[in-house]
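Peer 1: Mind having a look at this structure? Questions to follow.
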Amino acid sequence: MRALRATPALLRLNLWRDRIKLPAWVLGIALMTMYFGNALKLAYPTDEDIANVASFANSPAAIMMSGPGYGMDNPTLEAFLANQYALYLIVAAALMNILLIVRHTRLEEEGGRTELILAGVVGRFAPLTAAMLTALVANTALVVSGTLALAGPGFDAAGSLLLLTGFAALGLVFAAITALMCQVTEHARAATGLAAAVLGTAFLVRGIGDLTAEHGSALSWLSPIAWSQQTRVFVDPRWWPLTLSIGFAGAALVGAYVLVGRRDVGAGLVAPRLGAAEASAALSHPFTLAVRLQRGAIIGWAVGLSVAGLFYGAFTESIADAFGDLPDDIL
């Protein structure tokens, strides 16, 4: 198709440009997965140790911060890893994809490079397609490297594959969501912020839904994060929840392609408001100019960290009580 012309060349260019960043992200998540598995083996060598510490998993704080708690009634090392630590690795995979798509789409348009590329023999949809294929390569590499890293120390290979596939599925969901957000705004920072806000909302919805009912409620299923956690990895493995991730990612990507064809290169669907005719005298100083340019990121991080602080602070007492009941040799 003419609209996809030169996609392979752009894909090779993306992979070459990310020859350091992508391996760092992929190997970082894979090695952290392996680290958690090995650390748990050393910290809790017996089934009794795991059972004692897993009593914390049924507290509201643990459910909110970790997941629905499948297998925590009769916990194994694998189930404890999947239910208590996998959530943060899943979020890392989502962030990897958000930054990747913004870097290869909206940031390229904002810098004017996409317009130069499209002036050649390059299809209109080629940059977005190349970016999504780059994300697919990265997530596939994450599945392979993470499965090998986790199965190598002795974890079940099939369960390890399902766990890492859940990471990749959520990554593709947020790659597609980010592709959609990049059509809305003209600026890379705004697109990153919108995608990150969706991720934060998904985290919150999943947590509230899991608190509502044991092993999650209908509200939990409104969050893409829950689709990866509801695979019940290492406990009652099931692959079908990941079809929701693939279906949602496909729908979001179709929306992104439709919007790409309806907007000008470099423009967003939401036009930025006009600024003042003349800059304030305060903006003549480099520091105030930097604050003005970064005010969105500063406000976003401040609000996010404040909400996180309030959230974790609200559960401090229940966390302390849960750990206070553990045997002394576990602490």
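To be explicit about the labels: the chains of the structure tokens are called A, B, and onward in the order shown, and within each one the residues are counted from 1, while ligands get numbers from 1 in the order they are shown.
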For region 185-193 of chain A, work out the shell of residues within 12 Å, counting only C-alpha atoms and skipping chain neighbours fewer than 5 positions away, then give it as a PyMOL selection string.

Peer 2: chain A and resi 94-112+174-175+177-180+198-200+259-260+263-273+293-301+304

Peer 1: Using only C-alpha atoms, what table do you get, as JSON lines, when you list each residue of region 64-158 of chain A with an atom no more than 8 Å from region 16-32 of chain A, its nearest pair of atoms, and their distance in Å rounded to one decimal, rows by chain then rising number?

Peer 2:
{"residue": "A:Leu89", "atom": "CA", "partner": "A:Ile29", "partner_atom": "CA", "distance": 6.5}
{"residue": "A:Ala92", "atom": "CA", "partner": "A:Ile29", "partner_atom": "CA", "distance": 7.3}
{"residue": "A:Ala93", "atom": "CA", "partner": "A:Ile29", "partner_atom": "CA", "distance": 7.4}
{"residue": "A:Met96", "atom": "CA", "partner": "A:Trp25", "partner_atom": "CA", "distance": 6.7}
{"residue": "A:Ala138", "atom": "CA", "partner": "A:Leu22", "partner_atom": "CA", "distance": 6.7}
{"residue": "A:Asn139", "atom": "CA", "partner": "A:Val26", "partner_atom": "CA", "distance": 7.8}
{"residue": "A:Ala141", "atom": "CA", "partner": "A:Val26", "partner_atom": "CA", "distance": 6.9}
{"residue": "A:Leu142", "atom": "CA", "partner": "A:Val26", "partner_atom": "CA", "distance": 5.2}
{"residue": "A:Ser145", "atom": "CA", "partner": "A:Ala30", "partner_atom": "CA", "distance": 6.1}
{"residue": "A:Gly146", "atom": "CA", "partner": "A:Ala30", "partner_atom": "CA", "distance": 4.2}
{"residue": "A:Thr147", "atom": "CA", "partner": "A:Ala30", "partner_atom": "CA", "distance": 7.8}
{"residue": "A:Ala149", "atom": "CA", "partner": "A:Ala30", "partner_atom": "CA", "distance": 6.3}
{"residue": "A:Leu150", "atom": "CA", "partner": "A:Ala30", "partner_atom": "CA", "distance": 7.9}

Peer 1: Please produce a file of those selected residues containing all heavy atoms, as a tab-separated table (two decimals), in the first residue's frame.

Peer 2:
chain	number	residue	atom	x	y	z
A	89	LEU	N	6.30	-4.25	37.70
A	89	LEU	CA	6.97	-4.57	36.45
A	89	LEU	C	6.05	-4.35	35.26
A	89	LEU	O	6.48	-3.92	34.18
A	89	LEU	CB	7.47	-6.01	36.49
A	89	LEU	CG	8.49	-6.31	37.60
A	89	LEU	CD1	8.73	-7.81	37.71
A	89	LEU	CD2	9.80	-5.58	37.36
A	92	ALA	N	6.08	-0.72	34.59
A	92	ALA	CA	7.33	-0.37	33.90
A	92	ALA	C	7.25	-0.68	32.41
A	92	ALA	O	7.71	0.10	31.57
A	92	ALA	CB	8.51	-1.11	34.54
A	93	ALA	N	6.65	-1.82	32.07
A	93	ALA	CA	6.48	-2.17	30.66
A	93	ALA	C	5.58	-1.16	29.95
A	93	ALA	O	5.83	-0.79	28.79
A	93	ALA	CB	5.91	-3.58	30.53
A	96	MET	N	7.60	2.00	29.33
A	96	MET	CA	8.53	1.80	28.22
A	96	MET	C	7.83	2.07	26.89
A	96	MET	O	8.38	2.74	26.01
A	96	MET	CB	9.08	0.37	28.25
A	96	MET	CG	9.97	0.03	27.07
A	96	MET	SD	10.50	-1.70	27.01
A	96	MET	CE	8.97	-2.50	26.46
A	138	ALA	N	10.10	-4.65	20.69
A	138	ALA	CA	10.54	-4.48	22.07
A	138	ALA	C	9.78	-5.40	23.01
A	138	ALA	O	10.38	-6.03	23.91
A	138	ALA	CB	10.36	-3.02	22.49
A	139	ASN	N	8.47	-5.51	22.83
A	139	ASN	CA	7.68	-6.35	23.72
A	139	ASN	C	7.94	-7.83	23.49
A	139	ASN	O	7.91	-8.63	24.42
A	139	ASN	CB	6.20	-6.02	23.55
A	139	ASN	CG	5.81	-4.71	24.19
A	139	ASN	OD1	5.71	-4.60	25.41
A	139	ASN	ND2	5.62	-3.68	23.38
A	141	ALA	N	10.84	-9.02	22.53
A	141	ALA	CA	12.13	-9.23	23.19
A	141	ALA	C	11.96	-9.33	24.70
A	141	ALA	O	12.65	-10.11	25.37
A	141	ALA	CB	13.09	-8.10	22.84
A	142	LEU	N	11.02	-8.56	25.25
A	142	LEU	CA	10.76	-8.62	26.69
A	142	LEU	C	10.21	-9.99	27.08
A	142	LEU	O	10.61	-10.56	28.10
A	142	LEU	CB	9.78	-7.52	27.08
A	142	LEU	CG	9.31	-7.50	28.54
A	142	LEU	CD1	10.51	-7.32	29.48
A	142	LEU	CD2	8.29	-6.40	28.76
A	145	SER	N	13.29	-12.58	26.71
A	145	SER	CA	14.34	-12.41	27.71
A	145	SER	C	13.81	-12.60	29.12
A	145	SER	O	14.46	-13.21	29.98
A	145	SER	CB	14.97	-11.02	27.57
A	145	SER	OG	14.00	-10.00	27.74
A	146	GLY	N	12.59	-12.09	29.39
A	146	GLY	CA	12.02	-12.23	30.72
A	146	GLY	C	11.67	-13.67	31.06
A	146	GLY	O	11.89	-14.13	32.19
A	147	THR	N	11.16	-14.40	30.09
A	147	THR	CA	10.84	-15.81	30.32
A	147	THR	C	12.10	-16.61	30.61
A	147	THR	O	12.13	-17.44	31.53
A	147	THR	CB	10.11	-16.40	29.10
A	147	THR	OG1	8.89	-15.67	28.87
A	147	THR	CG2	9.78	-17.87	29.32
A	149	ALA	N	14.92	-15.42	31.76
A	149	ALA	CA	15.48	-14.96	33.02
A	149	ALA	C	14.76	-15.55	34.23
A	149	ALA	O	15.37	-15.83	35.26
A	149	ALA	CB	15.45	-13.43	33.09
A	150	LEU	N	13.44	-15.75	34.10
A	150	LEU	CA	12.65	-16.26	35.22
A	150	LEU	C	12.66	-17.78	35.26
A	150	LEU	O	12.72	-18.39	36.34
A	150	LEU	CB	11.22	-15.75	35.12
A	150	LEU	CG	10.33	-15.90	36.37
A	150	LEU	CD1	10.98	-15.22	37.57
A	150	LEU	CD2	8.95	-15.32	36.11

Peer 1: Can you work out which one of A:Ala281, A:Val235, A:Ala151, A:Leu211 has the shortest atom-to-atom distance to Ala62 (chain A), counting only C-alpha atoms?

Peer 2: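 Ranked by minimum distance to Ala62 (chain A), first place goes to A:Leu211.
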
Peer 1: Which polymer residues have any atom within 7 Å of an atom of Val143 (chain A), counting only C-alpha atoms, with same-chain residues fewer than 5 positions away left out, as a list in words?

Peer 2: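 My reading of the contact set: Leu161, Leu164, Thr165 and Ala168 of chain A.
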
Peer 1: Tell me, counting only C-alpha atoms, for each residue of region 105-176 of chain A within 8 Å of region 222-231 of chain A, which pair of atoms is nearest and how far apart they are in Å to one decimal, in rows ordered by chain and increasing number, as CSV.

Peer 2:
residue,atom,partner,partner_atom,distance
A:Leu162,CA,A:Thr231,CA,7.8
A:Leu163,CA,A:Ser228,CA,7.9
A:Gly166,CA,A:Ser228,CA,4.7
A:Phe167,CA,A:Ser228,CA,7.0
A:Ala169,CA,A:Ser228,CA,7.3
A:Leu170,CA,A:Ile225,CA,6.7
A:Val173,CA,A:Pro224,CA,7.5

Peer 1: Can you spit out the residues from that selection as a compact mmCIF listing (two decimals), in the first residue's frame, using N, CA and C atoms?

Peer 2:
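Final output, saved to selection30.txt:
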# COMPACT_ATOMS: atom_id res chain seq x y z
N LEU A 162 3.54 -16.97 30.45
CA LEU A 162 2.26 -16.28 30.61
C LEU A 162 2.44 -14.96 31.34
N LEU A 163 3.26 -14.95 32.37
CA LEU A 163 3.50 -13.73 33.13
C LEU A 163 4.10 -12.64 32.24
N GLY A 166 1.79 -11.26 29.67
CA GLY A 166 0.91 -10.26 30.27
C GLY A 166 1.56 -8.89 30.32
N PHE A 167 2.87 -8.86 30.63
CA PHE A 167 3.60 -7.59 30.59
C PHE A 167 3.53 -6.98 29.19
N ALA A 169 1.46 -7.63 26.73
CA ALA A 169 0.10 -7.29 26.31
C ALA A 169 -0.29 -5.90 26.81
N LEU A 170 0.02 -5.63 28.08
CA LEU A 170 -0.29 -4.30 28.60
C LEU A 170 0.58 -3.25 27.91
N VAL A 173 -1.06 -2.38 24.75
CA VAL A 173 -2.26 -1.56 25.02
C VAL A 173 -1.86 -0.10 25.15

Peer 1: Quote the spacing between CA of Pro75 (chain A) and CA of Asp47 (chain A) in Å to one decimal place.

Peer 2: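 Atom-to-atom, CA of Pro75 (chain A) to CA of Asp47 (chain A), that is 7.8 Å.
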
Peer 1: What does the distance between CA of Ser160 (chain A) and CA of Ala135 (chain A) come to in Å, to one decimal place?

Peer 2: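 Interatomic distance, CA of Ser160 (chain A) to CA of Ala135 (chain A): 20.7 Å.
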
Peer 1: Between A:Val291, A:Leu15, A:Leu118, A:Ala213, single out the one closest to Gly69 (chain A), counting only C-alpha atoms.

Peer 2: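 Selected residue with least distance to Gly69 (chain A): A:Ala213.
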